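Participant: For reference, the file my_file36.tsv (TSV, C-alpha atoms) is included below:
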chain	number	residue	atom	x	y	z
A	1	MET	CA	78.28	2.54	-9.26
A	2	LYS	CA	76.53	-0.46	-7.69
A	3	GLN	CA	76.43	1.31	-4.34
A	4	SER	CA	74.81	4.38	-5.96
A	5	LEU	CA	72.13	2.25	-7.65
A	6	PHE	CA	71.46	0.43	-4.39
A	7	ALA	CA	71.08	3.74	-2.52
A	8	LEU	CA	68.70	5.05	-5.21
A	9	ALA	CA	66.57	1.91	-4.92
A	10	ILE	CA	66.34	2.38	-1.16
A	11	VAL	CA	65.16	5.98	-1.64
A	12	ILE	CA	62.49	4.94	-4.18
A	13	MET	CA	61.24	2.18	-1.91
A	14	SER	CA	61.06	4.59	1.02
A	15	LEU	CA	59.10	7.14	-1.00
A	16	THR	CA	56.71	4.43	-2.21
A	17	ALA	CA	56.16	3.16	1.32
A	18	CYS	CA	55.21	6.66	2.45
A	19	GLU	CA	52.43	6.97	-0.13
A	20	PRO	CA	48.99	6.33	1.43
A	21	GLU	CA	47.11	3.27	0.23
A	22	ILE	CA	44.02	4.11	-1.80
A	23	PRO	CA	41.19	1.81	-0.66
A	24	MET	CA	39.28	-0.04	-3.34
A	25	VAL	CA	35.66	1.02	-3.12
A	26	THR	CA	33.11	-1.46	-4.43
A	27	SER	CA	29.33	-1.51	-4.46
A	28	GLY	CA	29.25	-4.43	-2.04
A	29	LEU	CA	26.83	-6.24	-4.36
A	30	LYS	CA	27.40	-9.26	-6.59
A	31	ASN	CA	25.97	-9.88	-10.03
A	32	SER	CA	24.38	-13.16	-9.00
A	33	TYR	CA	23.23	-14.91	-5.85
A	34	ALA	CA	21.84	-18.33	-4.97
A	35	ILE	CA	19.74	-19.12	-1.90
A	36	GLU	CA	17.17	-21.60	-0.60
A	37	ARG	CA	13.52	-20.62	-0.66
A	38	MET	CA	12.20	-19.11	2.57
A	39	ARG	CA	15.69	-17.93	3.48
A	40	VAL	CA	16.55	-14.24	3.74
A	41	LEU	CA	19.19	-12.71	1.48
A	42	ARG	CA	20.47	-9.49	3.06
A	43	LEU	CA	21.69	-6.94	0.51
A	44	HIS	CA	23.65	-3.88	1.60
A	45	PRO	CA	25.19	-1.44	-0.93
A	46	GLU	CA	28.38	0.27	0.14
A	47	TYR	CA	27.59	3.25	-2.07
A	48	THR	CA	25.44	5.97	-0.55
A	49	GLY	CA	23.08	8.39	-2.20
A	50	GLN	CA	20.12	10.67	-1.72
A	51	HIS	CA	17.52	8.02	-2.54
A	52	TYR	CA	17.41	4.26	-3.13
A	53	GLU	CA	15.13	2.26	-5.40
A	54	TRP	CA	15.05	-1.53	-5.48
A	55	SER	CA	12.90	-2.87	-8.28
A	56	MET	CA	11.80	-6.18	-9.80
A	57	PRO	CA	9.74	-6.99	-12.89
A	58	ASP	CA	6.01	-7.26	-12.23
A	59	SER	CA	3.67	-9.76	-13.90
A	60	GLN	CA	3.73	-7.63	-17.08
A	61	GLY	CA	7.51	-7.41	-17.09
A	62	ASN	CA	7.62	-3.76	-16.02
A	63	ASP	CA	9.95	-2.53	-13.29
A	64	SER	CA	8.12	-2.29	-9.98
A	65	VAL	CA	9.71	-0.62	-6.96
A	66	VAL	CA	9.76	-3.04	-4.01
A	67	SER	CA	11.72	-0.95	-1.51
A	68	THR	CA	13.17	2.53	-1.03
A	69	SER	CA	15.43	1.64	1.91
A	70	ARG	CA	19.18	1.43	1.60
A	71	ASP	CA	19.21	-2.21	2.69
A	72	TYR	CA	16.97	-4.80	1.09
A	73	LEU	CA	15.89	-8.18	2.40
A	74	PHE	CA	15.02	-10.57	-0.40
A	75	VAL	CA	13.02	-13.72	0.30
A	76	SER	CA	10.87	-15.98	-1.85
A	77	ALA	CA	8.55	-18.86	-1.03
A	78	HIS	CA	8.99	-20.35	-4.49
A	79	PRO	CA	12.03	-21.62	-6.42
A	80	GLY	CA	12.94	-19.71	-9.57
A	81	VAL	CA	15.21	-17.10	-11.09
A	82	TYR	CA	14.55	-13.50	-10.07
A	83	SER	CA	15.89	-10.24	-11.47
A	84	LEU	CA	16.56	-7.42	-9.04
A	85	LYS	CA	17.83	-3.92	-9.74
A	86	LEU	CA	19.15	-1.22	-7.43
A	87	HIS	CA	19.17	2.39	-8.56
A	88	ILE	CA	20.84	4.92	-6.27
A	89	VAL	CA	19.66	8.44	-7.00
A	90	ASP	CA	22.43	10.94	-6.37
A	91	ASP	CA	23.29	14.25	-8.04
A	92	THR	CA	27.02	13.51	-7.93
A	93	ASN	CA	27.39	9.74	-8.20
A	94	PRO	CA	24.24	7.99	-9.42
A	95	PHE	CA	24.57	4.22	-9.52
A	96	THR	CA	22.63	1.32	-11.02
A	97	HIS	CA	23.32	-2.36	-10.42
A	98	GLU	CA	21.44	-5.38	-11.71
A	99	MET	CA	21.64	-8.83	-10.20
A	100	VAL	CA	20.12	-12.27	-10.69
A	101	ILE	CA	18.95	-14.34	-7.71
A	102	THR	CA	18.47	-18.09	-8.09
A	103	VAL	CA	16.16	-19.63	-5.51
A	104	TRP	CA	16.19	-23.39	-5.09
A	105	GLU	CA	14.10	-25.93	-3.17
A	106	GLU	CA	15.47	-26.91	0.23
A	107	GLU	CA	17.11	-30.33	0.39
A	108	LEU	CA	15.46	-31.24	3.70
A	109	ALA	CA	11.78	-30.30	3.80
A	110	TYR	CA	10.91	-27.53	6.23
A	111	SER	CA	8.63	-28.14	9.17
A	112	PRO	CA	5.50	-25.97	9.32
A	113	TYR	CA	5.68	-26.06	13.11
A	114	ILE	CA	7.71	-24.40	15.86
A	115	THR	CA	11.28	-25.68	16.06
A	116	ARG	CA	12.76	-23.32	18.64
A	117	VAL	CA	11.63	-21.46	21.76
A	118	TYR	CA	13.93	-18.53	22.48
A	119	ASP	CA	12.43	-17.03	25.61
A	120	TYR	CA	9.72	-17.74	28.17
A	121	CYS	CA	8.79	-15.11	30.74
A	122	PRO	CA	5.27	-15.48	32.12
A	123	ALA	CA	3.56	-12.96	34.36
A	124	PRO	CA	2.17	-14.35	37.63
A	125	GLY	CA	-0.88	-16.55	37.15
A	126	GLN	CA	-2.73	-19.60	38.43
A	127	PHE	CA	-1.22	-21.94	35.81
A	128	VAL	CA	2.34	-20.57	36.06
A	129	GLY	CA	4.64	-23.18	37.53
A	130	ASP	CA	2.18	-25.86	36.45
A	131	MET	CA	2.06	-25.42	32.64
A	132	PRO	CA	4.86	-26.40	32.33
A	133	ARG	CA	5.63	-27.79	35.78
A	134	TYR	CA	8.29	-25.99	37.81
A	135	GLU	CA	10.61	-28.18	39.86
A	136	GLU	CA	13.01	-26.93	42.48
A	137	GLY	CA	16.31	-26.02	40.87
A	138	ASP	CA	14.79	-25.08	37.52
A	139	THR	CA	16.36	-22.06	35.81
A	140	PRO	CA	15.15	-19.75	33.03
A	141	GLU	CA	17.01	-22.01	30.58
A	142	SER	CA	15.53	-25.26	31.88
A	143	MET	CA	12.03	-23.74	31.83
A	144	ARG	CA	12.65	-22.49	28.29
A	145	ALA	CA	13.59	-26.03	27.30
A	146	LYS	CA	10.43	-27.41	28.91
A	147	VAL	CA	8.31	-24.94	26.97
A	148	GLU	CA	10.08	-25.90	23.76
A	149	GLU	CA	9.31	-29.54	24.43
A	150	CYS	CA	5.64	-28.64	24.99
A	151	ILE	CA	4.97	-26.65	21.83
A	152	ALA	CA	7.63	-27.66	19.28
A	153	GLY	CA	6.56	-29.76	16.31
A	154	THR	CA	3.20	-31.45	16.75
A	155	ASN	CA	3.39	-31.51	20.55
A	156	ASP	CA	0.11	-29.98	21.69
A	157	VAL	CA	0.90	-29.38	25.36
A	158	LEU	CA	-0.48	-26.11	26.70
A	159	VAL	CA	1.86	-23.43	28.01
A	160	SER	CA	0.48	-20.61	30.17
A	161	LEU	CA	1.69	-17.02	29.86
A	162	GLY	CA	0.10	-15.83	33.10
A	163	GLY	CA	-1.44	-12.37	33.50
A	164	PHE	CA	-1.02	-9.32	31.30
A	165	GLY	CA	2.34	-9.08	29.55
A	166	GLY	CA	3.62	-12.62	30.16
A	167	TYR	CA	5.16	-13.90	26.94
A	168	VAL	CA	6.84	-16.64	24.95
A	169	THR	CA	9.10	-16.13	21.92
A	170	PHE	CA	9.51	-18.84	19.27
A	171	GLY	CA	10.63	-19.46	15.71
A	172	PHE	CA	10.72	-21.96	12.86
A	173	ASP	CA	13.43	-23.62	10.77
A	174	HIS	CA	12.83	-21.04	8.03
A	175	SER	CA	11.43	-17.56	7.53
A	176	ILE	CA	7.64	-17.23	7.30
A	177	VAL	CA	7.12	-15.44	4.00
A	178	ASN	CA	4.55	-12.67	3.74
A	179	MET	CA	2.33	-13.89	0.92
A	180	GLN	CA	0.08	-11.31	-0.68
A	181	ASP	CA	-3.64	-11.46	0.18
A	182	SER	CA	-3.14	-14.48	2.41
A	183	LEU	CA	-2.97	-15.42	6.07
A	184	ASP	CA	0.57	-16.52	6.82
A	185	PHE	CA	0.47	-18.54	10.06
A	186	ARG	CA	-1.87	-19.60	12.83
A	187	ILE	CA	-1.58	-20.16	16.57
A	188	LEU	CA	-3.60	-22.63	18.64
A	189	GLY	CA	-4.59	-22.35	22.31
A	190	ASN	CA	-7.43	-23.55	24.54
A	191	ALA	CA	-10.20	-21.00	23.96
A	192	LEU	CA	-13.76	-22.28	23.97
A	193	TYR	CA	-17.27	-21.04	23.28
A	194	ALA	CA	-20.01	-20.98	25.91
A	195	SER	CA	-22.49	-22.20	23.31
A	196	SER	CA	-22.30	-24.61	20.42
A	197	ASP	CA	-22.76	-21.79	17.93
A	198	ALA	CA	-19.27	-21.88	16.48
A	199	SER	CA	-20.43	-19.77	13.53
A	200	SER	CA	-20.67	-16.68	15.73
A	201	MET	CA	-17.55	-14.53	15.59
A	202	THR	CA	-18.36	-13.10	19.03
A	203	SER	CA	-19.35	-16.27	20.86
A	204	GLY	CA	-18.54	-16.01	24.54
A	205	GLY	CA	-16.90	-18.59	26.72
A	206	GLY	CA	-13.25	-18.98	27.64
A	207	ALA	CA	-11.36	-16.62	25.34
A	208	GLU	CA	-8.09	-15.22	26.75
A	209	PRO	CA	-6.74	-13.07	23.92
A	210	GLY	CA	-3.00	-12.82	23.41
A	211	ILE	CA	-1.33	-10.15	21.30
A	212	VAL	CA	1.06	-11.39	18.62
A	213	MET	CA	4.35	-9.65	17.81
A	214	VAL	CA	6.72	-10.45	14.93
A	215	SER	CA	10.33	-9.65	14.07
A	216	ILE	CA	12.79	-10.14	11.21
A	217	ASP	CA	16.32	-11.35	11.86
A	218	ALA	CA	17.61	-8.22	10.10
A	219	ASN	CA	21.13	-8.47	11.51
A	220	GLY	CA	21.39	-12.17	10.68
A	221	ASN	CA	22.64	-13.28	14.10
A	222	GLY	CA	19.89	-15.84	14.66
A	223	VAL	CA	18.52	-14.35	17.88
A	224	PRO	CA	15.43	-12.17	18.41
A	225	ASP	CA	17.15	-8.87	19.16
A	226	ASP	CA	15.83	-6.80	16.24
A	227	GLU	CA	12.81	-4.48	16.14
A	228	TRP	CA	9.43	-5.94	17.07
A	229	TYR	CA	6.11	-5.17	15.38
A	230	GLU	CA	2.61	-5.79	16.67
A	231	LEU	CA	0.08	-7.55	14.46
A	232	ALA	CA	-2.87	-5.22	14.82
A	233	GLY	CA	-6.05	-7.22	15.39
A	234	SER	CA	-9.69	-6.22	15.47
A	235	GLU	CA	-9.30	-4.08	18.62
A	236	HIS	CA	-6.53	-1.91	17.19
A	237	GLY	CA	-8.11	1.54	17.19
A	238	ASN	CA	-10.73	0.63	19.80
A	239	SER	CA	-11.04	3.62	22.14
A	240	ALA	CA	-10.82	1.24	25.11
A	241	THR	CA	-7.49	-0.23	23.98
A	242	VAL	CA	-4.54	1.19	25.94
A	243	TYR	CA	-1.21	1.63	24.18
A	244	ASN	CA	2.19	1.83	25.90
A	245	TYR	CA	0.69	0.17	28.93
A	246	GLU	CA	3.08	-0.89	31.70
A	247	ILE	CA	2.45	-3.09	34.69
A	248	ALA	CA	4.62	-4.23	37.61
A	249	TYR	CA	3.94	-7.39	39.64
A	250	HIS	CA	5.38	-7.69	43.14
A	251	ARG	CA	6.45	-10.98	44.70
A	252	THR	CA	4.32	-11.85	47.73
A	253	PRO	CA	6.32	-10.96	50.85
A	254	VAL	CA	7.27	-13.59	53.40
A	255	GLY	CA	4.71	-13.70	56.21
A	256	HIS	CA	1.85	-12.49	54.02
A	257	GLU	CA	-1.55	-13.30	55.51
A	258	ALA	CA	-4.18	-14.53	53.06
A	259	THR	CA	-7.48	-12.70	52.73
A	260	PRO	CA	-10.04	-15.21	51.44
A	261	ARG	CA	-13.39	-14.39	49.87
A	262	PRO	CA	-15.97	-16.67	51.55
A	263	ASN	CA	-17.94	-19.11	49.40
A	264	SER	CA	-16.18	-18.02	46.22
A	265	GLY	CA	-13.32	-20.46	45.73
A	266	VAL	CA	-10.88	-17.52	46.11
A	267	THR	CA	-8.46	-18.24	48.97
A	268	ASP	CA	-6.48	-14.98	48.82
A	269	THR	CA	-7.76	-11.74	47.29
A	270	THR	CA	-4.48	-9.87	48.01
A	271	TYR	CA	-2.04	-12.53	46.88
A	272	ILE	CA	0.22	-10.83	44.28
A	273	ALA	CA	0.05	-7.04	44.08
A	274	TRP	CA	0.34	-5.13	40.83
A	275	SER	CA	0.43	-1.46	39.83
A	276	ASP	CA	0.38	0.15	36.38
A	277	ASN	CA	1.33	3.40	34.67
A	278	SER	CA	-2.34	4.42	34.50
A	279	GLY	CA	-2.48	4.89	38.26
A	280	ASN	CA	-4.33	1.63	38.89
A	281	ALA	CA	-3.47	-1.14	41.34
A	282	GLY	CA	-4.84	-4.56	42.14
A	283	TYR	CA	-4.02	-8.19	42.82
A	284	ILE	CA	-3.61	-11.53	41.12
A	285	GLU	CA	-5.90	-13.58	43.35
A	286	ARG	CA	-5.23	-17.10	44.50
A	287	ASN	CA	-7.86	-19.81	44.28
A	288	ALA	CA	-8.47	-23.23	45.80
A	289	PHE	CA	-7.91	-25.05	42.52
A	290	HIS	CA	-4.22	-24.14	42.08
A	291	THR	CA	-2.08	-24.24	45.19
A	292	GLN	CA	1.43	-23.81	43.76
A	293	GLU	CA	3.19	-20.43	43.80
A	294	TYR	CA	1.85	-18.20	41.02
A	295	PHE	CA	4.95	-15.96	40.82
A	296	PRO	CA	7.62	-17.56	38.55
A	297	GLN	CA	9.90	-19.27	41.08
A	298	TRP	CA	12.80	-19.70	38.65
A	299	LEU	CA	13.22	-15.92	38.41
A	300	SER	CA	15.16	-14.05	41.09
A	301	ASP	CA	13.40	-10.72	40.53
A	302	ASP	CA	11.04	-9.49	43.23
A	303	VAL	CA	9.33	-7.21	40.70
A	304	LEU	CA	8.38	-8.21	37.15
A	305	THR	CA	7.58	-5.41	34.71
A	306	PHE	CA	5.85	-5.81	31.35
A	307	LYS	CA	4.99	-3.32	28.62
A	308	GLY	CA	2.66	-3.52	25.67
A	309	THR	CA	-0.83	-2.92	24.32
A	310	ARG	CA	-3.64	-3.62	26.76
A	311	LEU	CA	-6.84	-4.89	25.17
A	312	PRO	CA	-10.25	-3.99	26.62
A	313	ASN	CA	-11.56	-6.34	29.31
A	314	ASN	CA	-13.40	-9.23	27.67
A	315	GLY	CA	-14.79	-10.88	30.81
A	316	VAL	CA	-18.42	-10.17	31.77
A	317	ASP	CA	-19.81	-11.07	35.21
A	318	ALA	CA	-22.82	-12.96	33.90
A	319	GLN	CA	-24.68	-13.24	37.23
A	320	GLY	CA	-23.40	-10.09	38.94
A	321	ASP	CA	-21.97	-11.89	41.95
A	322	GLY	CA	-18.55	-12.91	40.64
A	323	SER	CA	-19.48	-16.57	40.43
A	324	TYR	CA	-19.57	-16.94	36.63
A	325	TYR	CA	-17.77	-14.92	33.98
A	326	ILE	CA	-18.14	-15.15	30.23
A	327	LEU	CA	-14.90	-14.35	28.40
A	328	SER	CA	-15.90	-13.14	24.95
A	329	SER	CA	-13.85	-13.65	21.81
A	330	TYR	CA	-12.68	-10.68	19.79
A	331	SER	CA	-13.38	-10.83	16.06
A	332	TRP	CA	-9.87	-11.65	14.82
A	333	GLY	CA	-6.16	-11.12	15.23
A	334	TYR	CA	-5.38	-12.65	18.66
A	335	ALA	CA	-4.06	-15.95	20.01
A	336	ASP	CA	-6.19	-18.14	22.32
A	337	ASN	CA	-9.17	-16.13	21.15
A	338	HIS	CA	-11.25	-18.72	19.24
A	339	PRO	CA	-11.37	-22.52	19.63
A	340	ASN	CA	-8.86	-24.53	17.64
A	341	THR	CA	-11.76	-26.01	15.69
A	342	ALA	CA	-12.74	-22.55	14.42
A	343	SER	CA	-11.77	-21.44	10.94
A	344	VAL	CA	-8.24	-20.50	9.96
A	345	ALA	CA	-9.57	-16.97	9.44
A	346	GLN	CA	-10.31	-16.79	13.18
A	347	ASN	CA	-7.01	-18.27	14.36
A	348	GLY	CA	-4.78	-17.10	11.51
A	349	PHE	CA	-2.45	-14.11	11.23
A	350	ASP	CA	-1.40	-11.93	8.30
A	351	ILE	CA	2.05	-10.36	8.43
A	352	ASP	CA	0.54	-7.38	6.61
A	353	TRP	CA	-1.21	-6.48	9.88
A	354	ALA	CA	2.16	-5.36	11.29
A	355	VAL	CA	2.41	-1.90	12.84
A	356	ASP	CA	5.39	-0.10	14.36
A	357	GLY	CA	5.65	1.49	17.78
A	358	ASN	CA	3.65	4.48	16.55
A	359	GLY	CA	0.82	2.30	15.28
A	360	SER	CA	1.70	2.92	11.62
A	361	ARG	CA	1.49	0.11	9.09
A	362	VAL	CA	4.79	-1.38	7.92
A	363	HIS	CA	5.55	-3.87	5.18
A	364	LEU	CA	7.60	-6.90	6.23
A	365	PRO	CA	8.70	-9.35	3.52
A	366	CYS	CA	8.85	-12.15	6.10
A	367	VAL	CA	9.27	-12.83	9.81
A	368	ASP	CA	11.72	-15.01	11.70
A	369	PHE	CA	10.48	-14.66	15.27
A	370	VAL	CA	7.02	-14.63	16.84
A	371	ARG	CA	6.12	-13.47	20.33
A	372	VAL	CA	2.76	-13.95	22.06
A	373	TYR	CA	1.83	-12.12	25.26
A	374	THR	CA	-1.32	-11.95	27.35
A	375	GLY	CA	-3.22	-8.86	26.19
A	376	VAL	CA	-5.89	-8.44	28.89
A	377	ASN	CA	-5.45	-7.41	32.52
A	378	GLN	CA	-8.60	-8.65	34.25
A	379	GLN	CA	-9.43	-10.74	37.29
A	380	CYS	CA	-12.52	-12.90	36.80
A	381	GLY	CA	-13.49	-14.25	40.19
A	382	ARG	CA	-13.12	-18.00	40.63
A	383	ILE	CA	-12.03	-18.28	36.98
A	384	GLY	CA	-8.94	-16.32	37.94
A	385	GLU	CA	-6.92	-13.89	35.85
A	386	VAL	CA	-7.21	-13.75	32.08
A	387	SER	CA	-4.12	-15.66	30.95
A	388	THR	CA	-3.26	-16.61	27.38
A	389	GLU	CA	-2.31	-20.24	26.72
A	390	ILE	CA	-0.87	-21.63	23.50
A	391	CYS	CA	0.00	-25.13	22.34
A	392	ARG	CA	1.11	-24.89	18.71
A	393	ALA	CA	1.91	-22.55	15.82
A	394	GLU	CA	1.96	-23.40	12.13
A	395	ASP	CA	3.29	-21.76	8.96
A	396	LEU	CA	0.36	-21.90	6.55
A	397	HIS	CA	2.68	-21.84	3.51
A	398	VAL	CA	4.51	-25.06	4.35
A	399	GLU	CA	2.83	-28.41	3.81
A	400	ALA	CA	1.78	-30.03	7.08
A	401	TYR	CA	2.75	-33.59	7.91
Mind turning this structure into structure tokens?

Facilitator:
Amino acid sequence: MKQSLFALAIVIMSLTACEPEIPMVTSGLKNSYAIERMRVLRLHPEYTGQHYEWSMPDSQGNDSVVSTSRDYLFVSAHPGVYSLKLHIVDDTNPFTHEMVITVWEEELAYSPYITRVYDYCPAPGQFVGDMPRYEEGDTPESMRAKVEECIAGTNDVLVSLGGFGGYVTFGFDHSIVNMQDSLDFRILGNALYASSDASSMTSGGGAEPGIVMVSIDANGNGVPDDEWYELAGSEHGNSATVYNYEIAYHRTPVGHEATPRPNSGVTDTTYIAWSDNSGNAGYIERNAFHTQEYFPQWLSDDVLTFKGTRLPNNGVDAQGDGSYYILSSYSWGYADNHPNTASVAQNGFDIDWAVDGNGSRVHLPCVDFVRVYTGVNQQCGRIGEVSTEICRAEDLHVEAY
């Protein structure tokens, strides 16, 4: 009898083991969350549907839809308790989930300034290899570290991005929150006016406009590998602005013979060749004031290619002989475009200016990474190429120290 019962138990266990496990399906969302202010909470529902609606109470207490994407990134600049609701519209399995998010003040106060430089890749230019200084044996990583030392915190040491497309990528110790009807951050450079009339939005002088890009750390891995968006400044929509512009710079070959321009300060008019996807070609010229190599010596590439939006030329040959150029400022929306003493409105940036690759406006709740690149491709005689320089960036929503 015992043997029969034992055999029956074995059969039952075998049959049970053959049954497939039924996975437990959950929404993937909790009822409550807690997070520091200016930190991103990434919410991803496991349930799918035909349409998604994330909503929060507005100032009158009524539900207001804040997103219609499946995933939602929540961030707040202010401590408090927030109610958030997800409604998944689906004919078969509609779903609603409510959650409470508690936002608290950070224990260690955030810095309003740059804390990390992620990437530095300048185009050839007269200040490249000098701002910061290249030393034999330097690598992309050691140059990145030098740039970080120049512009992190309150260090106001200029970094040059070279000709069109050269860029630097940096971030902060928190997310910059997109505050409604407000500029969110500013960037400082070395632009100057030709006159003392700082009240003029179009004062000429030494403006070298740089385009600003932003990105959210959507995948949460802490590196700038997510989608980038351009902050569309005053020249977005200008018929002279070129979109999807691409340029290639070629390292000067060994044995190259210089072709100086007499009595101009230019020692080589054919120094570094470039060509673009508009069928144009030209050179980054070399001058007597900067004798180091202009092509980034820490890079092994013989050809450097950059893509982006090309702004209209802003340099005007004031005397018609190439001896003196006036580099005019654009109205707003570019780095190194107005002097640092100008108003925040002239050096500040609003995340709501963001556009996607098609030029369409997008709403970003915050940004984690900022990239600045030289937006003009113009040679200006003895002044050299238009090259954006920056020395600091500041989150306008964090108290300065």

Participant: Which residues are close to Ile326 (chain A), i.e. within 9 Å by all atoms listed in the file, leaving aside same-chain residues fewer than 2 positions away? Reply as an mmCIF file with C-alpha atoms, in the coordinates of the input.

Facilitator:
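As a result, result_14.cif now contains:
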data_model
loop_
_atom_site.group_PDB
_atom_site.id
_atom_site.type_symbol
_atom_site.label_atom_id
_atom_site.label_comp_id
_atom_site.auth_asym_id
_atom_site.auth_seq_id
_atom_site.Cartn_x
_atom_site.Cartn_y
_atom_site.Cartn_z
ATOM 1 C CA ALA A 194 -20.010 -20.980 25.910
ATOM 2 C CA GLY A 204 -18.540 -16.010 24.540
ATOM 3 C CA GLY A 205 -16.900 -18.590 26.720
ATOM 4 C CA GLY A 206 -13.250 -18.980 27.640
ATOM 5 C CA ALA A 207 -11.360 -16.620 25.340
ATOM 6 C CA ASN A 314 -13.400 -9.230 27.670
ATOM 7 C CA GLY A 315 -14.790 -10.880 30.810
ATOM 8 C CA VAL A 316 -18.420 -10.170 31.770
ATOM 9 C CA ASP A 317 -19.810 -11.070 35.210
ATOM 10 C CA ALA A 318 -22.820 -12.960 33.900
ATOM 11 C CA TYR A 324 -19.570 -16.940 36.630
ATOM 12 C CA SER A 328 -15.900 -13.140 24.950
ATOM 13 C CA CYS A 380 -12.520 -12.900 36.800
#

Participant: Quick one: which region 346-370 of chain A residues come within 12 Å of region 51-68 of chain A, and what is the nearest atom pair for each with the distance in Å to one decimal, counting only C-alpha atoms, rows ordered by chain and ascending number, as JSON lines?

Facilitator:
{"residue": "A:Val362", "atom": "CA", "partner": "A:Ser67", "partner_atom": "CA", "distance": 11.7}
{"residue": "A:His363", "atom": "CA", "partner": "A:Ser67", "partner_atom": "CA", "distance": 9.6}
{"residue": "A:Leu364", "atom": "CA", "partner": "A:Ser67", "partner_atom": "CA", "distance": 10.6}
{"residue": "A:Pro365", "atom": "CA", "partner": "A:Val66", "partner_atom": "CA", "distance": 9.9}

Participant: Write the residues of the preceding selection, restricted to C-alpha atoms, as a PDB file, keeping the file's coordinate frame.

Facilitator:
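Done, and the output landed in out32.pdb:
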ATOM      1  CA  VAL A 362       4.790  -1.380   7.920  1.00  0.00           C
ATOM      2  CA  HIS A 363       5.550  -3.870   5.180  1.00  0.00           C
ATOM      3  CA  LEU A 364       7.600  -6.900   6.230  1.00  0.00           C
ATOM      4  CA  PRO A 365       8.700  -9.350   3.520  1.00  0.00           C
TER       5      PRO A 365
END

Participant: With distances taken over only C-alpha atoms, which residue among A:Asn238, A:Thr252, A:Asn244, A:Gln126 lies nearest Gln379 (chain A)?

Facilitator: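 Smallest separation from Gln379 (chain A) among the options: A:Gln126.
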
Participant: If I take CA of Asn287 (chain A) and CA of Pro253 (chain A), how far is one from the other in Å, to one decimal?

Facilitator: 18.0 Å

Participant: Hey, which of A:Arg261, A:His44, A:Arg251, A:Lys307 ends up closest to Asn277 (chain A)? Count only C-alpha atoms.

Facilitator: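 Answer, going by the shortest atom-to-atom distance: A:Lys307.
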
Participant: Could you check which of A:Pro124, A:Arg39, A:Met99, A:Arg186 is closest to Leu161 (chain A), using all atoms listed in the file?

Facilitator: A:Pro124

Participant: What's the separation between CA of Val372 (chain A) and CA of Thr169 (chain A), in Å to one decimal place?

Facilitator: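 Interatomic distance here is 6.7 Å.
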
Participant: Closest to Glu235 (chain A) among A:Thr267, A:Thr309, A:Thr96, A:Asn347, using only C-alpha atoms?

Facilitator: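 Nearest to Glu235 (chain A): A:Thr309.
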
Participant: Find the residues of region 245-337 of chain A that sit at most 10 Å from region 137-147 of chain A; for each, write down the nearest two atoms and how far apart they are in Å, to one decimal. Count only C-alpha atoms. Sort by chain, then by number going up, and give it as JSON lines.

Facilitator:
{"residue": "A:Pro296", "atom": "CA", "partner": "A:Pro140", "partner_atom": "CA", "distance": 9.6}
{"residue": "A:Gln297", "atom": "CA", "partner": "A:Asp138", "partner_atom": "CA", "distance": 8.4}
{"residue": "A:Trp298", "atom": "CA", "partner": "A:Thr139", "partner_atom": "CA", "distance": 5.1}
{"residue": "A:Leu299", "atom": "CA", "partner": "A:Pro140", "partner_atom": "CA", "distance": 6.9}
{"residue": "A:Ser300", "atom": "CA", "partner": "A:Thr139", "partner_atom": "CA", "distance": 9.7}

Participant: With 10 Å as the threshold, what does the neighbourhood of (1.9, -1.2, 34.5) contain in terms of residues, counting only C-alpha atoms? Coordinates are those of the file; answer as an MDAnalysis selection string.

Facilitator: chainID A and resid 164:165 244:249 274:281 304:308 310 377

Participant: Which of these residues is nearest to His97 (chain A), using all atoms listed in the file: A:Asn31, A:Ala152, A:Val177, A:Val367?

Facilitator: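 For His97 (chain A), the nearest of the candidates is A:Asn31.
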
Participant: Which residues, written as a list in words, have at least one atom at most 9 Å from region 212-222 of chain A, with all atoms listed in the file counted and residues fewer than 4 positions away on the same chain left out?

Facilitator: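 Within the cut-off, the hits are Val40, Arg42, Leu73, Ser175, Asp226, Glu227, Trp228, Tyr229, Glu230, Leu231, Ala232, Gly233, Gly333, Tyr334, Ala335, Phe349, Ile351, Ala354, Leu364, Pro365, Cys366, Val367, Asp368, Phe369, Val370, Arg371, Val372 and Tyr373 of chain A.
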
Participant: Would you write out those residues with C-alpha atoms, as a tab-separated table (two decimals), keeping the file's coordinate frame?

Facilitator:
chain	number	residue	atom	x	y	z
A	40	VAL	CA	16.55	-14.24	3.74
A	42	ARG	CA	20.47	-9.49	3.06
A	73	LEU	CA	15.89	-8.18	2.40
A	175	SER	CA	11.43	-17.56	7.53
A	226	ASP	CA	15.83	-6.80	16.24
A	227	GLU	CA	12.81	-4.48	16.14
A	228	TRP	CA	9.43	-5.94	17.07
A	229	TYR	CA	6.11	-5.17	15.38
A	230	GLU	CA	2.61	-5.79	16.67
A	231	LEU	CA	0.08	-7.55	14.46
A	232	ALA	CA	-2.87	-5.22	14.82
A	233	GLY	CA	-6.05	-7.22	15.39
A	333	GLY	CA	-6.16	-11.12	15.23
A	334	TYR	CA	-5.38	-12.65	18.66
A	335	ALA	CA	-4.06	-15.95	20.01
A	349	PHE	CA	-2.45	-14.11	11.23
A	351	ILE	CA	2.05	-10.36	8.43
A	354	ALA	CA	2.16	-5.36	11.29
A	364	LEU	CA	7.60	-6.90	6.23
A	365	PRO	CA	8.70	-9.35	3.52
A	366	CYS	CA	8.85	-12.15	6.10
A	367	VAL	CA	9.27	-12.83	9.81
A	368	ASP	CA	11.72	-15.01	11.70
A	369	PHE	CA	10.48	-14.66	15.27
A	370	VAL	CA	7.02	-14.63	16.84
A	371	ARG	CA	6.12	-13.47	20.33
A	372	VAL	CA	2.76	-13.95	22.06
A	373	TYR	CA	1.83	-12.12	25.26
